[in-house]
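> My structure is stored as upload36.cif, with mmCIF, C-alpha atoms.
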data_my_file
#
loop_
_atom_site.label_atom_id
_atom_site.label_comp_id
_atom_site.auth_asym_id
_atom_site.auth_seq_id
_atom_site.Cartn_x
_atom_site.Cartn_y
_atom_site.Cartn_z
CA MET A 1 86.08 120.01 74.56
CA GLY A 2 85.34 117.69 71.61
CA ALA A 3 82.21 115.67 70.94
CA LEU A 4 82.19 112.09 72.17
CA SER A 5 82.91 109.55 69.44
CA ASP A 6 80.53 106.65 68.79
CA ASP A 7 82.90 104.28 70.61
CA ASN A 8 83.12 106.62 73.59
CA VAL A 9 79.31 106.81 73.77
CA LYS A 10 79.08 103.00 73.78
CA GLY A 11 81.67 102.88 76.54
CA LEU A 12 79.76 105.54 78.48
CA VAL A 13 76.45 103.63 78.38
CA LEU A 14 78.13 100.38 79.41
CA ALA A 15 79.99 102.09 82.25
CA ILE A 16 76.79 103.65 83.66
CA SER A 17 75.02 100.26 83.55
CA SER A 18 78.01 98.72 85.29
CA SER A 19 77.89 101.27 88.11
CA ILE A 20 74.24 100.51 88.87
CA PHE A 21 74.89 96.77 89.18
CA ILE A 22 78.11 97.16 91.16
CA GLY A 23 76.56 99.68 93.56
CA ALA A 24 73.75 97.24 94.33
CA SER A 25 76.18 94.33 94.73
CA TYR A 26 77.96 96.01 97.66
CA ILE A 27 74.73 96.10 99.62
CA VAL A 28 73.62 92.56 98.79
CA LYS A 29 77.08 91.14 99.60
CA LYS A 30 77.22 93.13 102.84
CA LYS A 31 73.86 91.66 103.84
CA GLY A 32 75.20 88.17 103.12
CA LEU A 33 78.40 88.82 105.09
CA LYS A 34 76.40 89.99 108.10
CA LYS A 35 74.21 86.88 107.99
CA ALA A 36 77.26 84.63 107.62
CA GLY A 37 79.07 86.43 110.45
CA ALA A 38 76.18 85.69 112.78
CA LYS A 39 76.58 81.97 112.10
CA GLY A 40 80.38 81.53 112.01
CA ASN A 41 83.73 83.29 111.66
CA ARG A 42 83.57 86.69 110.00
CA ALA A 43 85.44 87.29 106.74
CA GLY A 44 87.45 90.01 108.49
CA SER A 45 88.72 87.34 110.91
CA GLY A 46 89.73 84.96 108.14
CA GLY A 47 86.46 83.00 107.97
CA HIS A 48 84.82 81.86 104.72
CA SER A 49 81.35 80.94 105.98
CA TYR A 50 79.93 83.58 103.62
CA LEU A 51 80.48 81.08 100.77
CA LYS A 52 77.44 79.16 102.11
CA GLU A 53 75.25 82.27 102.24
CA PRO A 54 72.81 82.75 99.28
CA TRP A 55 72.74 86.54 99.78
CA TRP A 56 76.50 86.73 99.28
CA TRP A 57 76.27 84.73 96.05
CA ALA A 58 73.42 86.95 94.85
CA GLY A 59 75.63 89.96 95.44
CA MET A 60 78.51 88.20 93.71
CA LEU A 61 76.40 87.50 90.63
CA THR A 62 75.22 91.11 90.59
CA MET A 63 78.82 92.29 90.76
CA ILE A 64 79.82 89.91 87.96
CA GLY A 65 77.08 91.40 85.78
CA GLY A 66 78.34 94.89 86.55
CA GLU A 67 81.95 93.92 85.93
CA ALA A 68 80.97 92.33 82.60
CA ALA A 69 79.46 95.62 81.47
CA ASN A 70 82.52 97.44 82.77
CA PHE A 71 84.76 94.97 80.93
CA ALA A 72 82.96 95.69 77.66
CA ALA A 73 83.20 99.45 78.25
CA TYR A 74 87.01 99.30 78.24
CA ALA A 75 86.92 97.87 74.71
CA PHE A 76 85.31 101.07 73.42
CA ALA A 77 86.56 103.92 75.62
CA PRO A 78 89.77 104.97 77.41
CA ALA A 79 90.20 104.16 81.10
CA ILE A 80 90.18 107.85 82.02
CA LEU A 81 86.57 107.99 80.72
CA VAL A 82 85.27 104.64 82.03
CA THR A 83 86.85 104.51 85.49
CA PRO A 84 85.56 107.82 86.95
CA LEU A 85 81.98 106.74 86.26
CA GLY A 86 82.40 104.40 89.19
CA ALA A 87 81.24 107.42 91.22
CA LEU A 88 77.70 106.45 90.24
CA SER A 89 78.13 103.16 92.09
CA ILE A 90 79.16 105.17 95.18
CA ILE A 91 75.94 107.14 95.05
CA PHE A 92 73.79 104.08 94.43
CA SER A 93 75.40 101.99 97.18
CA ALA A 94 75.34 104.86 99.71
CA VAL A 95 71.63 105.44 99.15
CA LEU A 96 70.83 101.71 99.32
CA ALA A 97 72.95 101.34 102.47
CA HIS A 98 70.85 104.09 104.05
CA PHE A 99 67.55 102.34 103.32
CA VAL A 100 68.48 98.64 103.34
CA LEU A 101 71.31 98.36 105.88
CA GLU A 102 70.22 101.38 107.95
CA GLU A 103 73.71 102.91 107.64
CA LYS A 104 72.97 106.61 107.97
CA LEU A 105 73.36 108.94 104.98
CA HIS A 106 72.77 112.53 106.10
CA ILE A 107 72.54 115.83 104.28
CA PHE A 108 76.30 116.26 103.92
CA GLY A 109 76.47 112.73 102.55
CA VAL A 110 73.97 113.80 99.88
CA VAL A 111 76.18 116.80 99.08
CA GLY A 112 79.15 114.43 98.86
CA CYS A 113 77.25 112.28 96.35
CA ALA A 114 76.43 115.38 94.31
CA LEU A 115 80.09 116.40 94.26
CA CYS A 116 81.05 112.92 93.04
CA LEU A 117 78.51 113.21 90.23
CA VAL A 118 79.66 116.70 89.19
CA GLY A 119 83.31 115.68 89.22
CA SER A 120 82.63 112.57 87.15
CA THR A 121 80.62 114.55 84.60
CA THR A 122 83.47 117.05 84.27
CA ILE A 123 85.96 114.27 83.53
CA VAL A 124 83.64 112.55 81.05
CA LEU A 125 83.06 115.75 79.06
CA HIS A 126 86.80 116.35 78.68
CA ALA A 127 88.04 112.76 78.32
CA PRO A 128 90.41 111.87 75.45
CA GLN A 129 89.28 109.80 72.47
CA GLU A 130 90.03 106.08 72.38
CA LYS A 131 93.24 105.15 70.55
CA HIS A 132 92.88 103.04 67.41
CA ILE A 133 94.49 99.67 68.14
CA THR A 134 94.56 96.89 65.54
CA SER A 135 96.26 94.07 67.46
CA VAL A 136 96.83 92.91 71.03
CA LYS A 137 100.54 92.98 70.17
CA GLU A 138 100.31 96.78 70.17
CA VAL A 139 98.99 96.65 73.74
CA TRP A 140 101.83 94.31 74.71
CA GLU A 141 104.37 96.77 73.32
CA LEU A 142 102.84 99.52 75.45
CA ALA A 143 102.86 97.27 78.54
CA THR A 144 106.55 96.38 78.14
CA LYS A 145 107.87 99.93 77.84
CA PRO A 146 110.38 100.81 80.60
CA GLY A 147 108.11 103.41 82.21
CA PHE A 148 105.21 101.03 82.71
CA LEU A 149 107.45 98.13 83.76
CA PHE A 150 108.89 100.36 86.49
CA TYR A 151 105.33 101.17 87.64
CA VAL A 152 104.47 97.44 87.77
CA ILE A 153 107.54 96.63 89.88
CA ILE A 154 106.79 99.41 92.38
CA ILE A 155 103.14 98.33 92.69
CA ALA A 156 104.12 94.68 93.24
CA ILE A 157 106.56 95.62 96.02
CA VAL A 158 104.00 97.82 97.80
CA ILE A 159 101.31 95.09 97.61
CA LEU A 160 103.67 92.51 99.15
CA VAL A 161 104.58 94.91 101.96
CA LEU A 162 100.90 95.60 102.68
CA ILE A 163 99.98 91.89 102.70
CA PHE A 164 102.83 90.57 104.84
CA ILE A 165 103.53 93.53 107.15
CA PHE A 166 100.52 95.84 107.39
CA VAL A 167 97.58 93.41 107.13
CA PRO A 168 98.48 91.44 110.31
CA ARG A 169 99.01 94.65 112.32
CA TYR A 170 96.53 97.17 110.95
CA GLY A 171 94.13 95.36 108.61
CA SER A 172 91.22 95.24 111.05
CA THR A 173 91.56 98.87 112.15
CA HIS A 174 92.68 100.83 109.08
CA LEU A 175 90.55 100.71 105.93
CA VAL A 176 93.35 101.89 103.64
CA VAL A 177 95.26 98.62 104.14
CA TYR A 178 92.64 96.31 102.58
CA ILE A 179 91.48 98.89 100.05
CA GLY A 180 95.07 99.78 99.18
CA ILE A 181 95.76 96.18 98.13
CA CYS A 182 92.56 96.08 96.06
CA SER A 183 93.27 99.42 94.39
CA LEU A 184 96.93 98.86 93.57
CA ALA A 185 96.22 95.43 92.09
CA GLY A 186 93.13 96.85 90.41
CA SER A 187 95.11 99.42 88.44
CA LEU A 188 97.10 96.59 86.82
CA THR A 189 93.94 94.51 86.37
CA VAL A 190 92.26 97.30 84.41
CA MET A 191 95.18 97.56 82.00
CA SER A 192 94.99 93.81 81.39
CA VAL A 193 91.18 93.91 81.17
CA LYS A 194 91.46 96.57 78.49
CA ALA A 195 93.90 94.37 76.56
CA VAL A 196 91.57 91.33 76.75
CA ALA A 197 88.52 93.46 75.88
CA ILE A 198 90.31 94.84 72.82
CA ALA A 199 91.33 91.29 71.86
CA LEU A 200 87.70 90.12 72.09
CA LYS A 201 86.44 93.11 70.14
CA LEU A 202 88.95 92.53 67.34
CA SER A 203 88.24 88.79 67.34
CA PHE A 204 84.50 89.38 66.91
CA GLU A 205 85.34 91.70 64.03
CA GLY A 206 87.17 88.84 62.30
CA SER A 207 90.77 89.26 63.45
CA ASN A 208 91.40 86.40 65.92
CA GLN A 209 93.64 87.66 68.72
CA PHE A 210 93.63 84.45 70.76
CA VAL A 211 96.32 82.93 68.58
CA TYR A 212 98.78 85.21 70.37
CA GLY A 213 100.37 84.23 73.69
CA GLN A 214 100.08 87.83 74.90
CA THR A 215 96.28 87.59 74.94
CA TRP A 216 96.38 84.54 77.21
CA PHE A 217 98.94 86.17 79.49
CA PHE A 218 96.63 89.16 80.01
CA THR A 219 93.67 86.78 80.58
CA VAL A 220 95.44 84.74 83.28
CA PHE A 221 96.71 87.91 84.96
CA VAL A 222 93.15 89.30 85.13
CA ALA A 223 91.88 86.08 86.75
CA LEU A 224 94.61 85.98 89.40
CA THR A 225 94.37 89.64 90.40
CA CYS A 226 90.56 89.51 90.50
CA VAL A 227 90.69 86.67 93.05
CA MET A 228 93.06 88.76 95.19
CA GLN A 229 90.80 91.81 95.02
CA ILE A 230 87.66 89.84 95.89
CA ASN A 231 89.36 88.39 98.96
CA TYR A 232 90.50 91.71 100.41
CA LEU A 233 87.34 93.55 99.38
CA ASN A 234 85.33 90.98 101.36
CA LYS A 235 87.51 91.66 104.40
CA ALA A 236 87.00 95.41 104.01
CA LEU A 237 83.21 95.08 103.63
CA ASP A 238 82.95 92.78 106.64
CA THR A 239 85.02 95.10 108.86
CA PHE A 240 83.97 98.61 107.81
CA ASN A 241 80.85 100.57 106.95
CA ALA A 242 79.65 99.72 103.40
CA ALA A 243 78.80 103.37 102.69
CA ILE A 244 82.47 104.21 103.29
CA VAL A 245 84.12 101.21 101.63
CA SER A 246 82.59 102.17 98.27
CA PRO A 247 83.84 105.79 98.06
CA VAL A 248 87.27 105.10 99.53
CA TYR A 249 87.76 102.16 97.17
CA TYR A 250 86.61 104.34 94.30
CA VAL A 251 89.03 107.17 95.08
CA MET A 252 92.08 104.94 95.46
CA PHE A 253 91.18 102.64 92.58
CA THR A 254 90.49 105.53 90.21
CA THR A 255 93.66 107.37 91.18
CA PHE A 256 95.94 104.43 90.47
CA THR A 257 94.02 103.37 87.35
CA ILE A 258 94.25 106.83 85.78
CA LEU A 259 97.96 106.92 86.66
CA ALA A 260 98.54 103.49 85.11
CA SER A 261 96.57 104.39 81.98
CA MET A 262 98.43 107.67 81.63
CA ILE A 263 101.78 105.82 81.79
CA MET A 264 100.82 102.87 79.58
CA PHE A 265 98.49 104.39 76.96
CA GLY A 266 99.62 108.03 77.12
CA ASP A 267 96.02 109.23 77.48
CA TRP A 268 97.08 112.84 77.99
CA ASP A 269 99.60 113.02 75.14
CA SER A 270 97.02 114.37 72.70
CA GLN A 271 95.32 116.76 75.13
CA SER A 272 95.93 120.40 75.89
CA ALA A 273 96.97 121.72 79.27
CA THR A 274 93.45 123.17 79.72
CA GLN A 275 91.79 119.80 79.15
CA ILE A 276 94.14 118.04 81.53
CA ALA A 277 93.65 120.72 84.18
CA THR A 278 89.86 120.44 83.83
CA GLU A 279 90.01 116.66 84.27
CA LEU A 280 92.18 117.08 87.36
CA CYS A 281 89.71 119.61 88.78
CA GLY A 282 86.92 117.11 88.18
CA PHE A 283 88.87 114.44 90.01
CA VAL A 284 89.58 116.76 92.95
CA THR A 285 85.83 117.45 93.11
CA ILE A 286 85.23 113.71 93.38
CA LEU A 287 87.85 113.48 96.14
CA ALA A 288 86.05 116.24 98.04
CA GLY A 289 82.75 114.40 97.69
CA THR A 290 84.10 111.09 98.94
CA PHE A 291 85.88 112.78 101.85
CA LEU A 292 82.64 114.50 102.84
CA LEU A 293 80.81 111.16 102.68
CA HIS A 294 83.34 109.63 105.04
CA LYS A 295 83.52 112.47 107.57
CA THR A 296 79.74 112.60 108.00
CA ARG A 297 79.12 108.84 108.18
CA ASP A 298 78.04 108.93 111.86
CA MET A 299 76.42 112.37 111.93
CA GLY A 300 73.27 112.31 114.02
CA ASP A 301 73.87 108.88 115.55
CA SER A 302 74.93 110.46 118.83
CA PRO A 303 73.89 113.93 119.94
CA ASP A 304 77.21 114.48 121.67
CA SER A 305 79.45 113.28 118.84
CA SER A 306 81.42 115.53 116.54
CA THR A 307 82.07 113.83 113.22
CA MET A 308 84.72 116.30 112.21
CA ASP A 309 86.97 115.08 115.03
CA SER A 310 86.78 111.41 114.04
CA PRO A 311 89.87 109.66 112.66
CA VAL A 312 90.01 108.92 108.95
CA PHE A 313 89.74 105.42 107.45
CA VAL A 314 89.47 103.32 110.64
CA ALA A 315 86.86 100.80 111.72
CA PRO A 316 83.74 102.60 113.05
CA GLU A 317 83.68 100.61 116.30
CA LEU A 318 87.16 101.92 117.13
CA ASP A 319 86.20 105.55 116.71
CA THR A 320 85.67 106.11 120.46
CA LEU A 321 86.96 109.62 120.94
CA HIS A 322 83.61 110.68 122.44
CA ALA A 323 82.77 107.41 124.16
CA GLY A 324 83.63 108.69 127.64
CA PRO A 325 86.36 108.17 130.25
CA GLY A 326 88.81 105.37 129.56
CA SER A 327 88.07 105.29 125.85
CA ARG A 328 90.96 104.78 123.44
CA ARG A 329 91.43 106.25 119.96
CA SER A 330 93.16 104.31 117.19
CA ASN A 331 95.71 106.02 114.98
CA VAL A 332 95.43 106.61 111.26
#
Spell out the structure here as structure tokens.


Amino acid sequence: MGALSDDNVKGLVLAISSSIFIGASYIVKKKGLKKAGAKGNRAGSGGHSYLKEPWWWAGMLTMIGGEAANFAAYAFAPAILVTPLGALSIIFSAVLAHFVLEEKLHIFGVVGCALCLVGSTTIVLHAPQEKHITSVKEVWELATKPGFLFYVIIIAIVILVLIFIFVPRYGSTHLVVYIGICSLAGSLTVMSVKAVAIALKLSFEGSNQFVYGQTWFFTVFVALTCVMQINYLNKALDTFNAAIVSPVYYVMFTTFTILASMIMFGDWDSQSATQIATELCGFVTILAGTFLLHKTRDMGDSPDSSTMDSPVFVAPELDTLHAGPGSRRSNV
């Protein structure tokens, strides 16, 4: 394990700040969505009345502040260091959901938060150093290698299948549909965000990168994919428990982002097998924490309910295994 470089430390501080803002934004936006849903069509049903709700815009501005800090973090540190720190937003949003939205967070949820924190710390302490890049053209060369192009094509196909086949059938009952779209698109967004962040950093240092068409391509791509993610994240937040949307989104988003970064930037090329194994163990620890958060989301709400028998990643109102005679259980 090597010491963190100055750039990695800057990225670390920015990423932690980002997590605090983003974690709070989930709760504020959820509050706005609930208020808007009481007045008109819910976002999960295709409505957009939340656009007239001040609480939703407050949450949106908070998220933009968090994303701005996250954006800056990618200019200084590798994605495998910045992205896992999103676990802090899980902890923050889960705790706020408990107190503000009265969405229960019980003792096993606290343990789940602790596991997320331990796993993230493990990854941070063994993360690779940031590569030295002197031009956005270097990022473009990495993005157009056959391996990464193949990844992009596969991701695009899966997103289209989810949107046109799975959303109409399972979007309102299975969390992984909405979050899957956000996460898959997000992995490509992060690679483009890193390119734009590097371009801005180099431009501020005196080497203007906005004279290159590649910089503008990455910028437009970021804008388009962000709009897509916001749309489906709103649907997920309006349909499912906020304390669960955060960790599930984190797990899927982080998984695909680390995979994309590994393929595009070769983050693990300079690391030993021990370092890679330690990072993987840290990520598995985070997975365990988020799974525990999900499985205990309703613990204590009903004295006769058994949370360990509930289905995974479905809308809470459809989890009726213990609701009595005639109840129906949705499939995963």

> I'd like the residues picked by the PyMOL selection byres ((chain A and resi 191) around 9) written out as a compact mmCIF listing (two decimals) with C-alpha atoms, in the coordinates of the input, using the chain letters and numbers from the file.


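The new file expr-v9.txt reads:
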# COMPACT_ATOMS: atom_id res chain seq x y z
CA ALA A 79 90.20 104.16 81.10
CA ALA A 143 102.86 97.27 78.54
CA GLY A 186 93.13 96.85 90.41
CA SER A 187 95.11 99.42 88.44
CA LEU A 188 97.10 96.59 86.82
CA THR A 189 93.94 94.51 86.37
CA VAL A 190 92.26 97.30 84.41
CA SER A 192 94.99 93.81 81.39
CA VAL A 193 91.18 93.91 81.17
CA LYS A 194 91.46 96.57 78.49
CA ALA A 195 93.90 94.37 76.56
CA VAL A 196 91.57 91.33 76.75
CA PHE A 218 96.63 89.16 80.01
CA THR A 257 94.02 103.37 87.35
CA ALA A 260 98.54 103.49 85.11
CA SER A 261 96.57 104.39 81.98
CA MET A 264 100.82 102.87 79.58

> Please write the residues picked by the PyMOL selection byres ((chain A and resi 225) around 9) on this file as a list in words.

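Selection result, ordered by chain and number: Cys182, Ala185, Gly186, Leu188, Thr189, Val220, Phe221, Val222, Ala223, Leu224, Cys226, Val227, Met228, Gln229 and Ile230 of chain A.
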
> Counting all atoms listed in the file, figure out which residue out of A:Asp267, A:Asp238, A:Glu279, A:Glu102 gets nearest to Tyr26 in chain A.

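Counting all atoms listed in the file, the residue closest to Tyr26 in chain A is A:Asp238.
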
> Neighbours of range 61-71 of chain A within 9 Å (all atoms listed in the file; same-chain residues fewer than 3 positions away dropped), as a PyMOL selection string?

chain A and resi 11+14-26+28+56-58+74-75+82-83+190+193-194+196-197

> If we count all atoms listed in the file and set the cut-off at 9 Å, which residues sit around Val111 in chain A, ignoring sequence neighbours fewer than 6 positions away in its own chain? Please answer as JSON, numbers by chain.

{"A": [289, 292, 293]}

> Once the PyMOL selection byres ((chain A and resi 8) around 8) has been applied to the shown file, what residues remain in the selection, as a list in words?

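For this structure, the PyMOL selection byres ((chain A and resi 8) around 8) resolves to Leu4, Ser5, Asp6, Asp7, Val9, Lys10, Gly11, Leu12, Phe76, Ala77, Pro78, Gln129 and Glu130 of chain A.
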
> From the list A:Val176, A:Ile244, A:Ala199, A:Leu81, which residue is nearest Thr122 in chain A when using only C-alpha atoms?

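Between A:Val176, A:Ile244, A:Ala199, A:Leu81, the residue approaching Thr122 in chain A most closely is A:Leu81.
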
> Please identify every residue of range 249-304 of chain A that has at least one atom no farther than 8 Å from an atom of range 123-127 of chain A, counting all atoms listed in the file, and for each give the shortest atom pair and the distance in Å to one decimal, arranged by chain then increasing number, as CSV.


residue,atom,partner,partner_atom,distance
A:Gln275,CA,A:His126,CA,6.1
A:Thr278,CA,A:His126,CA,7.3
A:Glu279,CA,A:Ile123,CA,4.8
A:Leu280,CA,A:Ile123,CA,7.8
A:Gly282,CA,A:Ile123,CA,5.5
A:Phe283,CA,A:Ile123,CA,7.1

> Point out the residue among A:Asn234, A:Ser120, A:Gln271, A:Ser172 with the least atom-to-atom distance to Gly86 in chain A, counting only C-alpha atoms.

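Closest residue, counting only C-alpha atoms: A:Ser120.
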
> Between CA of Ile157 in chain A and CA of Tyr178 in chain A, what is the distance in Å, rounded to a tenth?

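About the pair CA of Ile157 in chain A and CA of Tyr178 in chain A: they are 15.4 Å apart.
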
> What gap, in Å, lies between CA of Val284 in chain A and CA of Leu88 in chain A?

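Answer for the CA of Val284 in chain A to CA of Leu88 in chain A separation: 16.0 Å.
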
> In terms of the shortest atom-to-atom distance over only C-alpha atoms, which of A:Tyr232, A:Phe291, A:Trp55, A:Phe150 is closest to Leu162 in chain A?

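Result for the nearest residue to Leu162 in chain A: A:Tyr232.
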
> Work out how far CA of Ile91 in chain A is from CA of Val110 in chain A, in Å to one decimal.

8.5 Å

> Env of Cys113 in chain A: 12 Å cut, atoms = all atoms listed in the file, seq-sep filter 2 positions within chain, self excluded. Answer as a VMD selection string.

chain A and resid 86 to 95 105 to 111 115 to 120 243 to 244 246 to 247 285 to 294 296

> Can you tell me, as number ranges by chain, what residues are no more than 12 Å from Asn208 in chain A when counting only C-alpha atoms, ignoring any on the same chain fewer than 2 positions away?

A: 134-136, 196, 198-206, 210-212, 215

> Env of Ala36 in chain A: 7 Å cut, atoms = all atoms listed in the file, seq-sep filter 6 positions within chain, self excluded. Answer as a PyMOL selection string.

chain A and resi 49-50+53
